[in-house]
$ cat query.txt   # compact mmCIF, C-alpha atoms
# COMPACT_ATOMS: atom_id res chain seq x y z
CA MET A 1 18.67 44.63 -43.34
CA VAL A 2 16.89 42.58 -45.97
CA TYR A 3 18.88 39.50 -44.96
CA LYS A 4 18.13 40.03 -41.27
CA SER A 5 14.42 40.52 -41.97
CA PHE A 6 14.35 37.37 -44.06
CA ARG A 7 16.09 35.41 -41.31
CA HIS A 8 13.59 36.70 -38.74
CA ALA A 9 10.71 35.74 -41.03
CA ILE A 10 12.05 32.19 -41.37
CA HIS A 11 12.49 31.97 -37.60
CA ALA A 12 8.93 33.21 -37.01
CA ALA A 13 7.56 30.68 -39.49
CA ALA A 14 9.42 27.86 -37.76
CA VAL A 15 8.12 28.91 -34.36
CA ALA A 16 4.58 29.09 -35.75
CA PHE A 17 4.93 25.61 -37.26
CA LEU A 18 6.16 24.13 -33.99
CA ALA A 19 3.38 25.80 -32.06
CA THR A 20 0.80 24.43 -34.47
CA THR A 21 2.31 20.97 -34.19
CA MET A 22 2.26 21.03 -30.38
CA MET A 23 -1.25 22.40 -30.23
CA SER A 24 -2.42 19.55 -32.43
CA GLY A 25 -1.78 17.17 -29.55
CA LEU A 26 0.01 13.92 -30.23
CA ALA A 27 -0.73 13.65 -33.97
CA HIS A 28 2.21 12.38 -36.06
CA ALA A 29 4.30 12.07 -32.91
CA GLY A 30 5.73 8.66 -33.75
CA PRO A 31 4.74 5.26 -35.15
CA THR A 32 3.23 3.88 -31.93
CA LEU A 33 1.35 7.04 -31.01
CA ASP A 34 0.10 7.41 -34.57
CA LYS A 35 -1.34 3.89 -34.40
CA ILE A 36 -2.87 4.60 -31.00
CA ASN A 37 -4.53 7.77 -32.23
CA GLN A 38 -5.83 6.11 -35.40
CA ARG A 39 -7.15 3.14 -33.42
CA GLY A 40 -8.64 5.29 -30.67
CA ALA A 41 -7.32 3.07 -27.87
CA ILE A 42 -4.09 1.88 -26.23
CA LYS A 43 -3.40 -1.86 -26.36
CA VAL A 44 -1.83 -3.03 -23.10
CA GLY A 45 -0.40 -6.44 -22.27
CA VAL A 46 -0.94 -7.51 -18.65
CA GLY A 47 -0.74 -10.60 -16.47
CA THR A 48 -3.15 -12.17 -13.98
CA THR A 49 -2.08 -11.54 -10.40
CA PRO A 50 -4.58 -10.32 -7.80
CA GLY A 51 -3.87 -6.75 -6.76
CA PHE A 52 -1.74 -6.05 -9.81
CA PHE A 53 -4.01 -7.04 -12.68
CA ALA A 54 -7.16 -9.14 -12.61
CA PRO A 55 -10.68 -8.88 -14.05
CA ASP A 56 -13.47 -8.39 -11.53
CA SER A 57 -16.80 -10.27 -11.48
CA ASP A 58 -18.03 -8.08 -14.34
CA GLY A 59 -14.92 -8.72 -16.44
CA LYS A 60 -13.51 -5.22 -15.86
CA TRP A 61 -9.78 -5.10 -15.26
CA GLN A 62 -8.67 -3.85 -11.85
CA GLY A 63 -5.29 -3.51 -10.18
CA PHE A 64 -2.09 -1.56 -9.60
CA PHE A 65 -0.75 -1.79 -13.15
CA ILE A 66 -4.25 -1.37 -14.58
CA ASP A 67 -4.46 2.07 -12.97
CA PHE A 68 -1.27 3.12 -14.74
CA GLY A 69 -2.85 1.99 -18.02
CA LYS A 70 -5.84 4.20 -17.26
CA ALA A 71 -3.48 7.07 -16.47
CA LEU A 72 -1.84 6.67 -19.89
CA SER A 73 -5.26 6.74 -21.54
CA ILE A 74 -5.91 10.04 -19.80
CA ALA A 75 -2.57 11.46 -20.95
CA VAL A 76 -3.31 10.54 -24.58
CA PHE A 77 -7.08 10.89 -24.86
CA GLY A 78 -8.20 12.78 -21.74
CA THR A 79 -10.30 9.85 -20.51
CA PRO A 80 -9.36 6.63 -18.64
CA ASP A 81 -11.42 4.21 -20.70
CA LYS A 82 -9.68 4.24 -24.09
CA VAL A 83 -7.41 1.35 -23.20
CA GLU A 84 -7.67 -2.37 -23.96
CA PHE A 85 -6.11 -4.86 -21.53
CA THR A 86 -5.13 -8.34 -22.68
CA SER A 87 -3.62 -11.07 -20.52
CA SER A 88 -0.39 -12.47 -21.89
CA SER A 89 2.02 -15.09 -20.53
CA PRO A 90 5.73 -14.31 -20.00
CA GLN A 91 6.52 -16.49 -23.01
CA GLN A 92 4.16 -14.54 -25.26
CA ARG A 93 4.33 -10.96 -24.02
CA LEU A 94 7.75 -9.80 -25.28
CA PRO A 95 7.32 -11.29 -28.79
CA ALA A 96 3.83 -9.76 -28.88
CA LEU A 97 5.29 -6.36 -28.02
CA GLN A 98 7.95 -6.74 -30.71
CA SER A 99 5.34 -7.65 -33.32
CA GLY A 100 3.17 -4.64 -32.48
CA GLU A 101 0.34 -6.63 -30.91
CA PHE A 102 0.70 -4.42 -27.82
CA ASP A 103 1.61 -0.76 -27.55
CA ILE A 104 2.97 -1.29 -24.06
CA LEU A 105 3.48 -4.03 -21.49
CA LEU A 106 2.25 -3.32 -17.98
CA SER A 107 2.69 -6.93 -16.95
CA GLY A 108 5.42 -6.69 -14.36
CA VAL A 109 8.35 -6.82 -16.80
CA THR A 110 11.78 -6.81 -15.17
CA VAL A 111 14.26 -4.31 -16.60
CA THR A 112 17.39 -6.13 -17.83
CA ALA A 113 20.34 -5.18 -20.02
CA THR A 114 19.64 -8.00 -22.49
CA ARG A 115 16.06 -6.88 -23.00
CA ALA A 116 17.27 -3.33 -23.60
CA PHE A 117 20.26 -4.01 -25.84
CA LYS A 118 19.62 -7.34 -27.55
CA LEU A 119 15.83 -7.21 -27.82
CA GLY A 120 15.60 -3.44 -28.31
CA PHE A 121 12.97 -2.65 -25.69
CA HIS A 122 12.71 0.66 -23.88
CA PHE A 123 11.59 0.88 -20.28
CA GLY A 124 9.73 3.57 -18.43
CA PRO A 125 10.35 4.39 -14.77
CA THR A 126 10.31 1.54 -12.28
CA VAL A 127 6.79 1.45 -10.87
CA PHE A 128 7.36 -1.42 -8.44
CA TYR A 129 10.63 -2.46 -6.82
CA ASP A 130 10.35 -6.19 -6.40
CA GLY A 131 12.56 -9.20 -5.77
CA GLN A 132 12.27 -12.90 -6.44
CA GLY A 133 11.05 -14.91 -3.46
CA ILE A 134 10.20 -18.49 -2.55
CA LEU A 135 6.84 -19.66 -1.24
CA VAL A 136 7.14 -22.90 0.68
CA ARG A 137 5.01 -25.33 2.68
CA LYS A 138 5.32 -24.69 6.41
CA ASP A 139 5.47 -28.38 7.23
CA LEU A 140 8.93 -28.56 5.63
CA GLY A 141 10.17 -26.66 8.68
CA VAL A 142 12.49 -24.31 6.75
CA THR A 143 13.05 -20.68 7.68
CA LYS A 144 15.45 -19.62 4.94
CA ALA A 145 16.09 -20.51 1.32
CA ALA A 146 19.40 -22.25 2.04
CA ASP A 147 17.47 -24.84 4.08
CA LEU A 148 15.82 -26.09 0.87
CA ASP A 149 18.79 -28.29 -0.05
CA GLY A 150 17.44 -31.06 -2.30
CA ALA A 151 13.92 -29.59 -2.47
CA THR A 152 11.76 -29.65 -5.58
CA ILE A 153 11.08 -26.07 -6.68
CA GLY A 154 8.71 -24.90 -9.40
CA ALA A 155 9.71 -21.96 -11.59
CA GLN A 156 7.95 -20.44 -14.56
CA SER A 157 9.52 -21.04 -17.94
CA GLY A 158 10.60 -18.07 -20.01
CA THR A 159 11.33 -15.84 -17.01
CA THR A 160 14.42 -14.55 -15.24
CA GLY A 161 13.21 -16.63 -12.27
CA GLU A 162 14.58 -19.85 -13.73
CA LEU A 163 18.08 -18.39 -13.94
CA ASN A 164 17.94 -16.61 -10.58
CA VAL A 165 17.02 -19.67 -8.54
CA ALA A 166 19.72 -21.72 -10.27
CA ASP A 167 22.29 -18.97 -9.55
CA PHE A 168 21.23 -18.85 -5.90
CA PHE A 169 21.70 -22.55 -5.26
CA ARG A 170 24.94 -22.58 -7.20
CA LYS A 171 26.33 -19.76 -5.04
CA THR A 172 25.24 -21.41 -1.78
CA GLY A 173 26.62 -24.80 -2.76
CA LYS A 174 23.21 -26.40 -2.32
CA SER A 175 21.16 -28.42 -4.78
CA PHE A 176 17.53 -28.39 -5.85
CA LYS A 177 15.29 -30.18 -8.31
CA PRO A 178 13.80 -27.73 -10.82
CA VAL A 179 10.30 -28.21 -12.19
CA THR A 180 9.45 -25.95 -15.11
CA ILE A 181 5.87 -24.72 -15.14
CA GLU A 182 4.61 -22.76 -18.13
CA ASP A 183 1.25 -21.53 -16.87
CA THR A 184 1.29 -19.64 -13.55
CA GLY A 185 -2.21 -20.98 -12.91
CA GLN A 186 -0.59 -24.41 -12.45
CA PHE A 187 1.63 -23.18 -9.62
CA ILE A 188 -1.12 -23.53 -7.03
CA ASP A 189 -2.02 -27.08 -8.11
CA ALA A 190 1.64 -28.09 -8.11
CA LEU A 191 2.14 -26.76 -4.59
CA GLU A 192 -1.09 -28.07 -3.08
CA SER A 193 -0.74 -31.52 -4.67
CA GLY A 194 2.81 -31.93 -3.38
CA ARG A 195 4.30 -32.07 -6.86
CA VAL A 196 6.71 -29.36 -5.68
CA ASP A 197 7.90 -28.35 -2.22
CA ALA A 198 8.07 -24.67 -3.13
CA ILE A 199 7.49 -22.23 -5.96
CA THR A 200 9.58 -19.24 -6.90
CA GLN A 201 8.52 -16.04 -8.64
CA ASP A 202 8.62 -12.32 -7.98
CA SER A 203 7.44 -11.82 -4.41
CA SER A 204 4.60 -9.66 -5.77
CA ASP A 205 3.28 -12.71 -7.63
CA LEU A 206 3.75 -15.00 -4.65
CA VAL A 207 1.77 -12.78 -2.30
CA GLY A 208 -1.13 -13.02 -4.72
CA LYS A 209 -0.66 -16.77 -5.19
CA ARG A 210 -0.75 -17.34 -1.44
CA THR A 211 -4.20 -15.74 -1.20
CA GLN A 212 -5.47 -18.24 -3.80
CA LEU A 213 -4.38 -21.33 -1.88
CA LYS A 214 -7.06 -23.32 -0.06
CA LYS A 215 -5.14 -22.99 3.23
CA PRO A 216 -2.91 -19.90 2.92
CA ASP A 217 -1.68 -20.20 6.51
CA ASP A 218 -0.04 -23.52 5.65
CA TYR A 219 2.52 -21.70 3.51
CA ILE A 220 5.13 -19.02 4.16
CA LEU A 221 7.09 -16.60 2.00
CA LEU A 222 10.76 -16.98 2.93
CA PRO A 223 12.60 -13.75 3.81
CA GLU A 224 15.33 -13.88 1.16
CA ARG A 225 15.07 -12.08 -2.15
CA LEU A 226 17.06 -13.95 -4.79
CA SER A 227 17.30 -11.02 -7.15
CA LYS A 228 16.50 -7.41 -7.88
CA GLU A 229 13.33 -7.22 -9.96
CA PRO A 230 12.58 -3.61 -10.93
CA LEU A 231 9.22 -3.79 -12.71
CA ALA A 232 8.62 -1.13 -15.34
CA PRO A 233 6.46 -0.38 -18.37
CA ALA A 234 8.06 -1.81 -21.53
CA ILE A 235 7.63 -0.51 -25.07
CA ALA A 236 9.20 -1.31 -28.42
CA GLY A 237 12.01 0.94 -29.56
CA GLY A 238 11.62 3.65 -32.17
CA ASP A 239 9.09 6.03 -30.65
CA ASP A 240 10.73 8.52 -28.30
CA ARG A 241 7.55 10.55 -27.91
CA TRP A 242 5.65 7.50 -26.65
CA LEU A 243 8.47 6.67 -24.24
CA GLU A 244 8.47 10.17 -22.78
CA LEU A 245 4.70 10.13 -22.39
CA VAL A 246 5.00 6.89 -20.44
CA ASN A 247 7.84 8.33 -18.34
CA TRP A 248 6.03 11.49 -17.33
CA THR A 249 2.69 9.80 -16.74
CA VAL A 250 4.32 7.61 -14.10
CA ASN A 251 6.31 10.55 -12.75
CA ALA A 252 3.13 12.58 -12.37
CA THR A 253 1.68 10.10 -9.87
CA ILE A 254 4.92 10.12 -7.86
CA GLN A 255 5.29 13.91 -7.89
CA ALA A 256 1.68 14.37 -6.82
CA GLU A 257 2.24 12.19 -3.75
CA GLU A 258 5.38 14.13 -2.86
CA TRP A 259 3.39 17.38 -2.90
CA GLY A 260 0.53 15.79 -0.97
CA ILE A 261 -1.86 16.13 -3.88
CA THR A 262 -4.57 13.45 -3.86
CA SER A 263 -7.75 12.70 -5.78
CA ALA A 264 -9.68 14.16 -2.85
CA ASN A 265 -7.83 17.47 -2.50
CA VAL A 266 -6.52 18.16 -6.01
CA ASP A 267 -9.15 20.86 -6.58
CA GLU A 268 -7.90 22.73 -3.51
CA PHE A 269 -4.39 22.68 -4.95
CA LEU A 270 -5.66 24.57 -7.99
CA LYS A 271 -5.57 27.61 -5.69
CA SER A 272 -1.90 27.08 -4.83
CA GLU A 273 0.43 30.01 -5.46
CA ASP A 274 3.40 27.66 -5.91
CA PRO A 275 4.44 28.13 -9.56
CA ALA A 276 5.62 24.52 -9.82
CA ILE A 277 2.19 23.23 -8.74
CA GLN A 278 0.49 25.71 -11.07
CA ARG A 279 2.50 24.29 -13.97
CA PHE A 280 1.83 20.72 -12.88
CA LEU A 281 -1.95 21.09 -12.59
CA GLY A 282 -2.36 23.28 -15.67
CA VAL A 283 -3.28 26.48 -13.85
CA ASP A 284 -0.36 27.85 -15.84
CA PRO A 285 -1.13 26.26 -19.24
CA SER A 286 2.08 27.33 -20.96
CA PHE A 287 4.08 24.40 -19.58
CA ALA A 288 1.74 21.70 -20.90
CA LYS A 289 1.43 23.46 -24.26
CA ASP A 290 5.20 23.36 -24.58
CA LEU A 291 4.93 19.59 -24.11
CA GLY A 292 2.11 19.26 -26.62
CA LEU A 293 -0.28 18.01 -23.93
CA ASP A 294 -3.62 19.13 -22.60
CA PRO A 295 -3.00 21.60 -19.72
CA LYS A 296 -5.12 19.45 -17.38
CA TRP A 297 -3.48 16.11 -18.19
CA ALA A 298 -1.77 15.66 -14.80
CA TYR A 299 -4.76 17.10 -12.93
CA THR A 300 -7.11 14.62 -14.61
CA ILE A 301 -4.79 11.68 -13.87
CA ILE A 302 -4.68 12.52 -10.16
CA LYS A 303 -8.39 13.34 -9.99
CA THR A 304 -9.29 10.05 -11.67
CA VAL A 305 -6.80 7.40 -10.48
CA GLY A 306 -5.00 9.22 -7.67
CA ASN A 307 -1.33 9.63 -6.81
CA TYR A 308 1.12 6.73 -6.50
CA GLY A 309 0.33 6.18 -2.83
CA GLU A 310 -3.40 6.01 -3.51
CA ILE A 311 -2.87 3.52 -6.34
CA PHE A 312 -0.68 1.37 -4.08
CA ASP A 313 -2.99 1.50 -1.07
CA ARG A 314 -6.12 0.80 -3.09
CA ASN A 315 -4.76 -2.26 -4.85
CA LEU A 316 -1.91 -3.74 -2.81
CA LYS A 317 -2.41 -2.76 0.82
CA PRO A 318 -5.43 -5.09 1.19
CA LEU A 319 -3.11 -7.99 0.31
CA GLY A 320 -0.76 -7.11 3.15
CA TRP A 321 1.86 -5.26 1.11
CA GLU A 322 3.96 -2.63 2.86
CA ARG A 323 5.48 0.22 0.86
CA GLY A 324 9.12 -0.63 1.65
CA TYR A 325 11.35 0.30 -1.29
CA ASN A 326 8.22 1.59 -3.02
CA SER A 327 8.04 4.56 -0.66
CA LEU A 328 8.94 8.08 -1.67
CA TRP A 329 12.61 9.02 -1.43
CA THR A 330 11.62 11.44 1.32
CA HIS A 331 10.40 8.44 3.36
CA GLY A 332 13.41 6.17 2.84
CA GLY A 333 12.18 4.59 -0.41
CA LEU A 334 13.35 4.67 -4.02
CA LEU A 335 10.55 6.64 -5.69
CA TYR A 336 11.80 9.93 -7.07
CA SER A 337 10.36 12.09 -9.83
CA PRO A 338 12.43 14.48 -11.95
CA PRO A 339 11.20 18.08 -11.80
CA PHE A 340 8.14 19.18 -13.77
CA ARG A 341 9.49 22.30 -15.40
$ encode --input "query.txt" --output "structure tokens"
Amino acid sequence: MVYKSFRHAIHAAAVAFLATTMMSGLAHAGPTLDKINQRGAIKVGVGTTPGFFAPDSDGKWQGFFIDFGKALSIAVFGTPDKVEFTSSSPQQRLPALQSGEFDILLSGVTVTATRAFKLGFHFGPTVFYDGQGILVRKDLGVTKAADLDGATIGAQSGTTGELNVADFFRKTGKSFKPVTIEDTGQFIDALESGRVDAITQDSSDLVGKRTQLKKPDDYILLPERLSKEPLAPAIAGGDDRWLELVNWTVNATIQAEEWGITSANVDEFLKSEDPAIQRFLGVDPSFAKDLGLDPKWAYTIIKTVGNYGEIFDRNLKPLGWERGYNSLWTHGGLLYSPPFR
């Protein structure tokens, strides 16, 4: 009896310790989250593509990936404004993440095996299913990539794009003249000046680039996609808690859209009798407490930045983007959230 009582006492003490740890939020959760909490802000590496990430006239960052950065700030701090965005080139961003300059990259990083195994990065859920495309001058008279035999094509150095376009022409038995361009800002000048016949990047980048051309209608995005480019948040290895927070922040926006929960009607859903929705929105606080999060974390994300569909429509629809693969699985797309339970 004494032994059993002692064992029960130890068990009760352990449960109390875990409860105290979870109730203390994200403190001492891991090296990255500890730095974030001590600093009071999340450092995010981004790019400069209209619709995805770009500063407005007041210097405030706006865009699809920016909204996911704000959502992470809400998950950690309860407010969307404790996040610092810094533009970084493809050549700089991965080394900067490795060195700890950034806590996370929301810069359209493609998930690859080499980046996971050799470089040691972890990736969150795919937030945008993309593919490499080719933007070409209409006056060349081509309708497909294979017609570009002998063309001069600009590709950005330090990206998977260089390898993909070379693989494509090798497989088709065609040739091309590569021009390596380091700064994406030089793509437009190279295309408009005639230095290159076409440029190749992720199609998401090319749609934005086309809007920046002096005569956008003089250029077309060819229909082929040279590669699969699943774009996902990237973090350095060694902080599982940070990775899971990234995972479930993205999943929350997807799950909200599946349930039809939006920034406009989320307060009405607080009255839902569905236990899954009650857990999700914090009406039942026990679920979030088990995760060590504020009960209203998902509610505040949806109320502030909206669900995935709202984020997409606000930032990308004005540029002519259709949902396509980035639709919910229930609508023929690839977006699918694991269950919140």
$ residues_near_point --input "query.txt" --point "(-2.6, 2.2, -13.6)" --cutoff "10 Å" --atoms "all atoms listed in the file" --output "PyMOL selection string"
chain A and resi 52-53+62-73+80+106+127+249-250+253+301+305-306+308+311-312
$ closest_residue --input "query.txt" --among "A:Leu328, A:Leu191, A:Leu319, A:Ala151" --to "Asp218 of chain A" --atoms "all atoms listed in the file"
A:Leu191
$ residues_around --input "query.txt" --residues "Gly150 of chain A" --least-positions-apart "6" --cutoff "12 Å" --atoms "only C-alpha atoms" --output "list in words"
Leu140, Phe169, Gly173, Lys174, Ser175, Phe176, Lys177, Pro178, Val196, Asp197 and Ala198 of chain A
$ residues_around --input "query.txt" --residues "segment 180-187 of chain A" --least-positions-apart "5" --cutoff "12 Å" --atoms "all atoms listed in the file" --output "number ranges by chain"
A: 47-49, 88-92, 135-136, 152-159, 161-163, 165, 192-202, 205-206, 208-210, 212-213
$ residues_around --input "query.txt" --residues "Lys144 of chain A" --least-positions-apart "6" --cutoff "8 Å" --atoms "only C-alpha atoms" --output "short mmCIF file (atom, residue, chain, number, x, y, z; two decimals) with C-alpha atoms, in the frame of the given file"
data_model
loop_
_atom_site.label_atom_id
_atom_site.label_comp_id
_atom_site.auth_asym_id
_atom_site.auth_seq_id
_atom_site.Cartn_x
_atom_site.Cartn_y
_atom_site.Cartn_z
CA LEU A 222 10.76 -16.98 2.93
CA PRO A 223 12.60 -13.75 3.81
CA GLU A 224 15.33 -13.88 1.16
#
$ closest_residue --input "query.txt" --among "A:Val179, A:Leu291, A:Ala41, A:Leu334" --to "Arg241 of chain A" --atoms "only C-alpha atoms"
A:Leu291
$ residues_around --input "query.txt" --residues "Ser337 of chain A" --least-positions-apart "3" --cutoff "7 Å" --atoms "only C-alpha atoms" --output "PyMOL selection string"
chain A and resi 251+254-255
$ atom_distance --input "query.txt" --atom1 "atom CA of Phe85 of chain A" --atom2 "atom CA of Arg39 of chain A"
14.4 Å
$ closest_residue --input "query.txt" --among "A:Lys118, A:Lys60, A:Lys82, A:Lys43" --to "Leu97 of chain A" --atoms "all atoms listed in the file"
A:Lys43
$ residues_around --input "query.txt" --residues "Arg93 of chain A" --least-positions-apart "5" --cutoff "9 Å" --atoms "only C-alpha atoms" --output "ChimeraX atom specification"
/A:45-46,87-88,98,102,105,107
$ atom_distance --input "query.txt" --atom1 "atom CA of Asn307 of chain A" --atom2 "atom CA of Asn265 of chain A"
11.1 Å
$ atom_distance --input "query.txt" --atom1 "atom CA of Arg115 of chain A" --atom2 "atom CA of Gly238 of chain A"
14.7 Å
$ closest_residue --input "query.txt" --among "A:Thr143, A:Gln132, A:Trp242, A:Lys317" --to "Asn37 of chain A" --atoms "all atoms listed in the file"
A:Trp242
